[in-house]
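Visitor: Just one file: protein35.cif, with mmCIF, C-alpha atoms (C1' of nucleotides).
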```cif
data_coords
#
loop_
_atom_site.label_atom_id
_atom_site.label_comp_id
_atom_site.auth_asym_id
_atom_site.auth_seq_id
_atom_site.Cartn_x
_atom_site.Cartn_y
_atom_site.Cartn_z
CA MET A 8 17.47 27.22 -65.90
CA LEU A 9 17.13 26.05 -69.47
CA LYS A 10 20.75 26.95 -69.58
CA ILE A 11 23.61 26.13 -71.81
CA SER A 12 26.56 24.87 -69.81
CA ARG A 13 29.16 27.23 -68.45
CA ILE A 14 31.78 25.71 -70.71
CA THR A 15 29.63 26.47 -73.73
CA ASP A 16 29.21 30.00 -72.53
CA TYR A 17 32.97 30.32 -72.22
CA ALA A 18 33.35 28.81 -75.67
CA THR A 19 31.38 31.67 -77.16
CA VAL A 20 33.60 34.11 -75.33
CA VAL A 21 36.70 32.43 -76.72
CA MET A 22 35.26 32.36 -80.22
CA ALA A 23 34.27 35.98 -79.93
CA TYR A 24 37.81 36.87 -78.95
CA LEU A 25 39.27 34.97 -81.89
CA ALA A 26 36.79 36.61 -84.20
CA GLN A 27 38.33 39.97 -83.43
CA ASN A 28 41.39 38.94 -85.43
CA PRO A 29 40.01 36.25 -87.68
CA VAL A 30 43.31 35.44 -89.35
CA ASP A 31 45.76 35.46 -86.45
CA ILE A 32 46.90 32.41 -84.57
CA HIS A 33 46.40 32.57 -80.83
CA ASN A 34 47.76 30.07 -78.34
CA ALA A 35 45.95 29.00 -75.21
CA LYS A 36 48.00 31.21 -72.94
CA ASP A 37 47.22 34.30 -74.96
CA ILE A 38 43.52 33.50 -74.88
CA THR A 39 43.62 32.99 -71.13
CA THR A 40 45.17 36.38 -70.66
CA HIS A 41 42.55 38.15 -72.68
CA THR A 42 39.44 36.28 -71.60
CA HIS A 43 40.38 35.66 -67.97
CA ILE A 44 39.22 32.07 -68.22
CA ALA A 45 41.48 29.58 -66.44
CA LEU A 46 44.13 28.05 -68.69
CA PRO A 47 43.17 24.37 -68.39
CA THR A 48 39.58 25.27 -69.11
CA VAL A 49 40.51 27.32 -72.15
CA SER A 50 42.65 24.45 -73.33
CA LYS A 51 39.78 22.01 -72.99
CA ILE A 52 37.44 24.28 -74.89
CA LEU A 53 39.89 24.85 -77.70
CA LYS A 54 40.32 21.12 -78.20
CA LEU A 55 36.58 20.64 -78.48
CA LEU A 56 36.20 23.50 -80.91
CA ALA A 57 39.03 22.17 -83.03
CA LYS A 58 37.53 18.71 -83.06
CA ALA A 59 34.29 20.21 -84.33
CA GLU A 60 36.28 21.92 -87.08
CA LEU A 61 35.37 25.40 -86.02
CA LEU A 62 39.03 26.04 -85.27
CA ILE A 63 42.21 24.95 -86.96
CA SER A 64 44.94 23.82 -84.59
CA HIS A 65 48.61 24.51 -85.23
CA ARG A 66 50.79 22.20 -83.19
CA GLY A 67 54.34 22.68 -82.04
CA ALA A 68 56.23 25.80 -81.08
CA ASN A 69 54.52 29.03 -82.15
CA GLY A 70 51.42 26.99 -82.58
CA GLY A 71 47.92 27.85 -81.51
CA TYR A 72 44.46 28.06 -82.94
CA SER A 73 42.79 30.09 -85.64
CA LEU A 74 39.24 30.27 -86.94
CA ALA A 75 38.49 27.65 -89.56
CA ILE A 76 35.88 29.77 -91.32
CA GLU A 77 34.82 33.37 -91.31
CA PRO A 78 32.86 34.64 -88.30
CA LYS A 79 29.87 35.38 -90.47
CA LYS A 80 29.47 31.71 -91.25
CA ILE A 81 29.81 30.43 -87.71
CA SER A 82 26.47 30.11 -85.97
CA ILE A 83 25.89 30.11 -82.26
CA ALA A 84 24.17 26.78 -82.75
CA SER A 85 27.34 25.29 -84.18
CA ILE A 86 29.32 26.40 -81.15
CA ILE A 87 26.80 24.91 -78.78
CA LYS A 88 26.82 21.68 -80.74
CA ALA A 89 30.60 21.58 -80.69
CA ILE A 90 30.64 21.61 -76.90
CA GLU A 91 27.44 19.88 -75.92
CA GLY A 92 26.83 17.50 -78.75
CA ASP A 93 23.41 17.21 -80.27
CA VAL A 94 20.87 19.60 -78.95
CA GLY A 95 17.39 18.70 -77.88
CA LEU A 96 15.16 20.14 -75.22
CA THR A 97 14.16 16.72 -73.93
CA GLU A 98 15.77 13.33 -73.80
CA CYS A 99 13.55 11.86 -76.48
CA ALA A 100 13.84 14.87 -78.73
CA HIS A 101 17.19 13.93 -80.14
CA THR A 102 17.93 10.33 -79.34
CA ASP A 103 16.01 7.13 -79.67
CA SER A 104 16.46 6.54 -75.99
CA HIS A 105 13.42 5.14 -74.32
CA CYS A 106 12.19 6.95 -71.27
CA GLN A 107 10.01 5.09 -68.83
CA ILE A 108 6.79 6.79 -69.69
CA GLU A 109 7.31 6.53 -73.39
CA ALA A 110 4.32 4.31 -74.04
CA SER A 111 1.88 6.77 -72.60
CA CYS A 112 3.70 9.86 -73.77
CA SER A 113 1.80 11.59 -76.51
CA ILE A 114 3.99 14.57 -76.95
CA ARG A 115 7.31 13.19 -78.15
CA GLY A 116 6.94 14.45 -81.65
CA ASN A 117 5.96 17.87 -80.47
CA TRP A 118 9.07 18.28 -78.38
CA ARG A 119 11.07 17.47 -81.45
CA VAL A 120 9.36 20.26 -83.33
CA ILE A 121 9.95 22.69 -80.50
CA SER A 122 13.62 21.75 -80.29
CA GLN A 123 13.86 22.44 -83.99
CA ILE A 124 12.37 25.87 -83.57
CA VAL A 125 14.82 26.79 -80.86
CA LEU A 126 17.69 25.37 -82.84
CA ASN A 127 16.68 27.38 -85.87
CA ALA A 128 16.71 30.55 -83.85
CA LEU A 129 20.22 29.70 -82.76
CA GLU A 130 21.40 28.73 -86.23
CA ASP A 131 20.32 32.12 -87.35
CA ILE A 132 22.72 34.03 -85.17
CA SER A 133 26.30 34.27 -86.36
CA LEU A 134 29.46 34.81 -84.41
CA LEU A 135 29.87 38.08 -86.26
CA GLU A 136 26.61 39.32 -84.83
CA MET A 137 27.74 38.14 -81.44
CA VAL A 138 30.90 40.26 -81.48
CA SER A 139 29.35 43.41 -82.70
CA PRO A 140 27.00 45.03 -80.24
CA MET A 141 23.86 43.27 -81.26
CA SER A 142 21.10 45.65 -82.05
CA THR A 143 18.33 43.20 -82.43
CA GLN A 144 17.64 44.38 -85.91
CA SER A 145 20.62 42.36 -86.99
CA VAL A 146 18.57 39.30 -86.24
CA SER A 147 16.69 39.60 -89.42
CA VAL A 148 13.04 38.78 -89.11
CA ASP A 149 12.96 37.79 -92.73
CA LYS A 150 15.78 35.34 -92.28
CA LEU A 151 14.00 33.81 -89.33
CA LYS A 152 10.76 33.63 -91.20
CA GLN A 153 12.47 31.88 -94.04
CA ALA A 154 14.27 29.44 -91.77
CA LEU A 155 11.01 28.61 -90.12
CA SER A 156 9.17 27.91 -93.32
CA GLU A 157 12.03 25.73 -94.49
CA MET A 158 11.73 23.86 -91.24
CA ASN A 159 8.04 23.38 -91.79
CA THR A 160 8.76 21.52 -94.97
CA GLU A 161 11.36 19.32 -93.33
CA GLN A 162 9.14 18.56 -90.40
CA GLN A 163 6.34 17.60 -92.68
CA GLY A 164 8.39 14.58 -93.60
CA LEU A 165 9.32 13.95 -90.00
CA GLN A 166 5.71 13.74 -88.96
CA ASP A 167 5.06 10.99 -91.46
CA GLU A 168 7.54 8.55 -89.90
CA MET B 30 22.20 19.19 -73.62
CA LEU B 31 20.55 22.57 -73.72
CA LYS B 32 17.89 20.57 -72.02
CA ILE B 33 15.01 21.35 -69.81
CA SER B 34 15.08 19.27 -66.65
CA ARG B 35 13.43 15.89 -66.49
CA ILE B 36 10.87 17.18 -64.00
CA THR B 37 9.90 19.94 -66.39
CA ASP B 38 9.54 17.41 -69.13
CA TYR B 39 7.24 15.38 -66.90
CA ALA B 40 5.33 18.52 -66.04
CA THR B 41 4.41 18.99 -69.67
CA VAL B 42 3.24 15.41 -69.81
CA VAL B 43 1.07 15.93 -66.75
CA MET B 44 -0.33 19.15 -68.14
CA ALA B 45 -1.01 17.51 -71.46
CA TYR B 46 -2.92 14.77 -69.70
CA LEU B 47 -5.01 17.26 -67.77
CA ALA B 48 -5.69 19.19 -70.93
CA GLN B 49 -7.49 16.20 -72.36
CA ASN B 50 -10.31 16.85 -69.91
CA PRO B 51 -9.85 20.51 -69.10
CA VAL B 52 -12.73 20.66 -66.60
CA ASP B 53 -12.32 17.44 -64.64
CA ILE B 54 -10.53 17.13 -61.34
CA HIS B 55 -7.78 14.55 -61.27
CA ASN B 56 -5.97 13.42 -58.16
CA ALA B 57 -2.32 12.48 -58.05
CA LYS B 58 -2.99 8.76 -58.07
CA ASP B 59 -5.09 8.99 -61.18
CA ILE B 60 -2.41 10.99 -62.94
CA THR B 61 0.25 8.48 -61.94
CA THR B 62 -1.79 5.69 -63.43
CA HIS B 63 -2.20 7.41 -66.73
CA THR B 64 1.22 8.96 -67.15
CA HIS B 65 3.32 6.21 -65.54
CA ILE B 66 5.32 8.77 -63.63
CA ALA B 67 6.10 7.77 -60.04
CA LEU B 68 3.55 9.03 -57.53
CA PRO B 69 5.84 11.14 -55.32
CA THR B 70 7.24 12.80 -58.41
CA VAL B 71 3.81 13.54 -59.79
CA SER B 72 2.83 14.94 -56.44
CA LYS B 73 5.84 17.23 -56.39
CA ILE B 74 5.15 18.48 -59.88
CA LEU B 75 1.49 19.15 -59.14
CA LYS B 76 2.40 21.24 -56.14
CA LEU B 77 4.74 23.37 -58.21
CA LEU B 78 2.21 23.85 -60.97
CA ALA B 79 -0.45 24.83 -58.45
CA LYS B 80 1.89 27.31 -56.83
CA ALA B 81 2.47 28.88 -60.22
CA GLU B 82 -1.29 29.13 -60.62
CA LEU B 83 -1.42 26.95 -63.67
CA LEU B 84 -3.49 24.46 -61.69
CA ILE B 85 -6.15 24.84 -59.06
CA SER B 86 -5.84 22.47 -56.12
CA HIS B 87 -8.84 20.96 -54.38
CA ARG B 88 -7.92 19.70 -50.97
CA GLY B 89 -9.58 17.02 -48.90
CA ALA B 90 -11.35 13.85 -49.92
CA ASN B 91 -12.34 13.74 -53.58
CA GLY B 92 -9.84 16.48 -54.07
CA GLY B 93 -7.29 16.80 -56.81
CA TYR B 94 -6.16 19.30 -59.41
CA SER B 95 -7.73 20.96 -62.39
CA LEU B 96 -6.47 23.40 -64.98
CA ALA B 97 -6.67 27.00 -63.85
CA ILE B 98 -7.08 28.37 -67.36
CA GLU B 99 -7.88 26.96 -70.75
CA PRO B 100 -5.17 24.96 -72.56
CA LYS B 101 -5.05 27.48 -75.36
CA LYS B 102 -3.84 30.14 -72.96
CA ILE B 103 -1.15 28.05 -71.28
CA SER B 104 2.21 28.41 -72.96
CA ILE B 105 5.03 25.93 -72.81
CA ALA B 106 7.18 28.76 -71.49
CA SER B 107 4.85 29.21 -68.52
CA ILE B 108 5.16 25.53 -67.63
CA ILE B 109 8.93 25.68 -67.81
CA LYS B 110 8.95 28.79 -65.66
CA ALA B 111 6.66 27.15 -63.12
CA ILE B 112 9.15 24.36 -62.56
CA GLU B 113 12.51 25.95 -63.22
CA GLY B 114 12.00 29.55 -62.29
CA ASP B 115 13.28 32.27 -64.54
CA VAL B 116 14.74 31.19 -67.81
CA GLY B 117 17.98 32.40 -69.30
CA LEU B 118 20.52 30.68 -71.50
CA THR B 119 23.49 31.94 -69.53
CA GLU B 120 24.11 32.97 -65.97
CA CYS B 121 24.33 36.64 -66.79
CA ALA B 122 21.32 36.57 -69.07
CA HIS B 123 18.75 36.73 -66.34
CA THR B 124 20.42 37.72 -63.12
CA ASP B 125 22.77 40.45 -62.14
CA SER B 126 25.21 37.88 -60.88
CA HIS B 127 28.77 38.69 -61.73
CA CYS B 128 30.71 35.93 -63.37
CA GLN B 129 34.49 36.04 -63.17
CA ILE B 130 35.17 37.07 -66.71
CA GLU B 131 32.55 39.75 -66.75
CA ALA B 132 34.90 42.62 -67.29
CA SER B 133 36.30 41.20 -70.47
CA CYS B 134 33.05 39.68 -71.60
CA SER B 135 31.65 41.65 -74.48
CA ILE B 136 28.74 39.46 -75.23
CA ARG B 137 26.53 39.73 -72.18
CA GLY B 138 23.90 41.81 -73.82
CA ASN B 139 23.80 39.55 -76.80
CA TRP B 140 23.05 36.49 -74.73
CA ARG B 141 20.15 38.36 -73.27
CA VAL B 142 18.78 38.98 -76.71
CA ILE B 143 19.22 35.36 -77.66
CA SER B 144 17.50 34.18 -74.50
CA GLN B 145 14.62 36.42 -75.38
CA ILE B 146 14.34 34.89 -78.82
CA VAL B 147 14.24 31.38 -77.45
CA LEU B 148 11.78 32.39 -74.80
CA ASN B 149 9.54 33.96 -77.38
CA ALA B 150 9.49 30.79 -79.39
CA LEU B 151 8.42 28.96 -76.26
CA GLU B 152 5.82 31.52 -75.27
CA ASP B 153 4.30 31.05 -78.66
CA ILE B 154 3.45 27.41 -78.22
CA SER B 155 0.33 26.60 -76.25
CA LEU B 156 -0.57 23.50 -74.33
CA LEU B 157 -3.42 23.01 -76.76
CA GLU B 158 -0.95 22.74 -79.60
CA MET B 159 1.09 20.34 -77.49
CA VAL B 160 -1.80 17.91 -77.08
CA SER B 161 -2.93 17.91 -80.65
CA PRO B 162 -0.51 16.33 -83.10
CA MET B 163 1.53 19.38 -83.94
CA SER B 164 1.80 20.10 -87.58
CA THR B 165 4.27 22.91 -87.55
CA GLN B 166 1.88 25.16 -89.36
CA SER B 167 0.13 25.60 -86.08
CA VAL B 168 3.15 27.56 -84.93
CA SER B 169 2.13 30.62 -86.79
CA VAL B 170 4.94 32.42 -88.50
CA ASP B 171 3.05 35.63 -88.26
CA LYS B 172 2.65 35.34 -84.54
CA LEU B 173 6.36 34.69 -84.16
CA LYS B 174 7.21 37.59 -86.40
CA GLN B 175 5.05 39.85 -84.34
CA ALA B 176 6.50 38.63 -81.07
CA LEU B 177 9.95 39.25 -82.40
CA SER B 178 9.27 42.80 -83.46
CA GLU B 179 7.70 43.53 -80.11
CA MET B 180 10.83 42.19 -78.52
CA ASN B 181 12.96 44.44 -80.67
CA THR B 182 11.26 47.44 -79.23
CA GLU B 183 11.71 46.25 -75.66
CA GLN B 184 15.33 45.37 -76.21
CA GLN B 185 15.99 48.75 -77.69
CA GLY B 186 15.46 50.13 -74.24
CA LEU B 187 17.49 47.39 -72.67
CA GLN B 188 20.51 48.16 -74.79
CA ASP B 189 20.60 51.70 -73.55
CA GLU B 190 21.15 50.72 -69.92
"C1'" DT C 4 -18.39 13.26 -35.18
"C1'" DT C 5 -15.27 10.23 -36.83
"C1'" DT C 6 -12.76 8.49 -40.60
"C1'" DA C 7 -10.48 8.36 -44.79
"C1'" DA C 8 -8.77 10.66 -48.70
"C1'" DA C 9 -6.37 14.27 -50.46
"C1'" DT C 10 -3.06 18.14 -50.85
"C1'" DA C 11 0.73 21.40 -48.44
"C1'" DG C 12 5.06 21.89 -46.99
"C1'" DT C 13 9.47 20.57 -45.98
"C1'" DA C 14 13.41 17.83 -45.15
"C1'" DC C 15 16.40 14.30 -46.64
"C1'" DT C 16 19.42 11.22 -49.53
"C1'" DA C 17 21.74 9.47 -53.34
"C1'" DT C 18 23.42 9.98 -57.66
"C1'" DT C 19 24.61 12.04 -61.68
"C1'" DG C 20 26.72 15.59 -64.24
"C1'" DC C 21 29.78 19.18 -64.72
"C1'" DG C 22 33.56 22.19 -63.87
"C1'" DG C 23 38.00 22.22 -63.33
"C1'" DT C 24 42.74 20.24 -63.01
"C1'" DC C 25 46.65 17.55 -64.23
"C1'" DC C 26 49.63 14.31 -66.62
"C1'" DT C 27 51.79 12.09 -70.51
"C1'" DA C 28 52.28 11.76 -75.34
"C1'" DA C 29 52.96 13.78 -79.99
"C1'" DT C 30 54.33 17.56 -82.87
"C1'" DT C 31 57.06 21.32 -84.70
"C1'" DA C 32 59.77 25.83 -84.98
"C1'" DT C 33 64.24 27.50 -83.67
"C1'" DA D 12 68.50 18.97 -79.29
"C1'" DT D 13 65.38 21.96 -77.04
"C1'" DA D 14 61.52 24.44 -75.90
"C1'" DA D 15 56.89 25.47 -76.88
"C1'" DT D 16 52.71 23.86 -78.09
"C1'" DT D 17 48.53 20.98 -78.82
"C1'" DA D 18 46.20 15.97 -78.26
"C1'" DG D 19 44.06 12.96 -75.50
"C1'" DG D 20 42.92 11.07 -71.52
"C1'" DA D 21 42.17 10.27 -66.49
"C1'" DC D 22 40.74 12.10 -62.42
"C1'" DC D 23 38.43 14.45 -58.38
"C1'" DG D 24 35.15 17.26 -55.82
"C1'" DC D 25 31.25 19.95 -55.68
"C1'" DA D 26 26.68 21.19 -56.75
"C1'" DA D 27 22.37 20.44 -58.70
"C1'" DT D 28 18.85 17.37 -59.51
"C1'" DA D 29 15.75 13.44 -59.04
"C1'" DG D 30 13.37 11.04 -56.27
"C1'" DT D 31 11.52 9.78 -51.60
"C1'" DA D 32 9.46 10.25 -47.15
"C1'" DC D 33 7.22 12.28 -43.40
"C1'" DT D 34 4.00 15.31 -40.93
"C1'" DA D 35 0.35 18.70 -40.91
"C1'" DT D 36 -3.80 20.39 -42.81
"C1'" DT D 37 -8.06 20.27 -45.18
"C1'" DT D 38 -12.49 18.33 -46.54
"C1'" DA D 39 -16.05 14.95 -48.15
"C1'" DA D 40 -18.74 11.37 -46.63
"C1'" DA D 41 -20.25 7.64 -43.65
#
```
Mind turning this structure into structure tokens?
Guide:
Amino acid sequence: MLKISRITDYATVVMAYLAQNPVDIHNAKDITTHTHIALPTVSKILKLLAKAELLISHRGANGGYSLAIEPKKISIASIIKAIEGDVGLTECAHTDSHCQIEASCSIRGNWRVISQIVLNALEDISLLEMVSPMSTQSVSVDKLKQALSEMNTEQQGLQDE
Amino acid sequence: MLKISRITDYATVVMAYLAQNPVDIHNAKDITTHTHIALPTVSKILKLLAKAELLISHRGANGGYSLAIEPKKISIASIIKAIEGDVGLTECAHTDSHCQIEASCSIRGNWRVISQIVLNALEDISLLEMVSPMSTQSVSVDKLKQALSEMNTEQQGLQDE
DNA sequence: TTTAAATAGTACTATTGCGGTCCTAATTAT
DNA sequence: ATAATTAGGACCGCAATAGTACTATTTAAA
């Protein structure tokens, strides 16, 4: 477990397909044919992606969807967020919801930090890298290192709350 | 979303509590009192953690559970694994199960890499760090960098499959 | 030796979430 | 006008999960 939802998984497949022709407009039927994901499901996913402004929708006849920005600038994290909303490993990591054990729970803040770390890893992977066979070198260690140190600074403030 | 399960979340709370007195034996009732997690749930969690050899169980009167190894050597990843089994972000990332779109899915391998990255981040955080107020410096960038480069080597082989 | 206090193991239920489908508008090219 | 699309919901059924309960086993202590 620790899974992303199936729909999110499919969303990355759809995005990957669109990224192959970043300029073209594809309608839902076309995408179904090429990805082998059921039409209603594809349709649902496309709506969510459009709402999150990762795709531009073209209504009416000859309509369809096209990428809103270049594949290089679309992170895996942004796709996950588009489908699943805000990401946090635990309930309290991303909302102010109060779980029952809250009072005695000493590790809230830490889960937030961990969620951030995971999220940063995901922010750091672009759709472009996802389409091309990913030799792990493309996940630049330097980029990750930088992202992490940036996060440290941010979190410093967070701890002070 | 992208959540660990509630039980897993609780498991970290339980482990964190035990880590406060790494030598002592605590029974389920005691842990319930201090964590405010329902007794049957605590009991269930403890059994799973013991099965995964993160805890040692002491049966009979005056029995209970104690940490099997020192908090420093227990990773968050190991706790998650104890409760949820093998971790992978997508279905195909950790099993050989065949999803319907497999044939046209070009991104299988990449999800595996990403899962690895997330897992590494989680392996790198110890229970000890979880108990102490976590300033993100404690998540050593160097350690992460090293873990990542080790992973690169492993994955190199994986890609060749 | 008996009793009480624990864990081990397993089975069960209820509920929530999610995947997936479908229907009715609104929009737009031809 | 018409046909092809997306927009936006509503809806259902299954599966996974949380949480509970029950019985057997083990062990300390009276």
Visitor: At a cut-off of 12 Å, list the chain D residues touching chain B, using only C-alpha atoms (C1' of nucleotides), as a VMD selection string.
Guide: chain D and resid 27 to 32 36 to 40
Visitor: Translate the PyMOL selection byres ((chain D and resi 24) around 10), as applied to the file shown, into an explicit residue set as an MDAnalysis selection string.
Guide: (chainID C and resid 22:23) or (chainID D and resid 23 25:26)
Visitor: Mind checking which residues fall within 12 Å of Leu77 of chain B, counting all atoms listed in the file, ignoring those fewer than 5 positions away in the same chain, and posting them as a PyMOL selection string?
Guide: (chain B and resi 36-37+40+43-44+70-72+82-86+94+107-114) or (chain C and resi 10-12)
Visitor: With the cut-off set at 9 Å and counting only C-alpha atoms (C1' of nucleotides), tabulate each residue of chain C with an atom at most that distance from an atom of chain A, showing the nearest atom pair and its distance in Å to one decimal, ordered by chain and increasing number, as JSON lines.
Guide:
```
{"residue": "C:DC21", "atom": "C1'", "partner": "A:Ser12", "partner_atom": "CA", "distance": 8.3}
{"residue": "C:DG22", "atom": "C1'", "partner": "A:Ile14", "partner_atom": "CA", "distance": 7.9}
{"residue": "C:DG23", "atom": "C1'", "partner": "A:Thr48", "partner_atom": "CA", "distance": 6.7}
{"residue": "C:DT24", "atom": "C1'", "partner": "A:Pro47", "partner_atom": "CA", "distance": 6.8}
{"residue": "C:DC25", "atom": "C1'", "partner": "A:Pro47", "partner_atom": "CA", "distance": 8.7}
{"residue": "C:DT30", "atom": "C1'", "partner": "A:Gly67", "partner_atom": "CA", "distance": 5.2}
{"residue": "C:DT31", "atom": "C1'", "partner": "A:Gly67", "partner_atom": "CA", "distance": 4.0}
{"residue": "C:DA32", "atom": "C1'", "partner": "A:Ala68", "partner_atom": "CA", "distance": 5.3}
{"residue": "C:DT33", "atom": "C1'", "partner": "A:Ala68", "partner_atom": "CA", "distance": 8.6}
```
Visitor: Could the residues in this selection be written to a file with C-alpha atoms (C1' of nucleotides), as an mmCIF file, keeping the file's coordinate frame?
Guide:
```
data_model
loop_
_atom_site.group_PDB
_atom_site.id
_atom_site.type_symbol
_atom_site.label_atom_id
_atom_site.label_comp_id
_atom_site.auth_asym_id
_atom_site.auth_seq_id
_atom_site.Cartn_x
_atom_site.Cartn_y
_atom_site.Cartn_z
ATOM 1 C "C1'" DC C 21 29.780 19.180 -64.720
ATOM 2 C "C1'" DG C 22 33.560 22.190 -63.870
ATOM 3 C "C1'" DG C 23 38.000 22.220 -63.330
ATOM 4 C "C1'" DT C 24 42.740 20.240 -63.010
ATOM 5 C "C1'" DC C 25 46.650 17.550 -64.230
ATOM 6 C "C1'" DT C 30 54.330 17.560 -82.870
ATOM 7 C "C1'" DT C 31 57.060 21.320 -84.700
ATOM 8 C "C1'" DA C 32 59.770 25.830 -84.980
ATOM 9 C "C1'" DT C 33 64.240 27.500 -83.670
#
```
Visitor: So what do you get for atom CA of Lys36 of chain A versus atom CA of Ile52 of chain A, distance-wise?
Guide: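 Going from atom CA of Lys36 of chain A over to atom CA of Ile52 of chain A, I get 12.8 Å.
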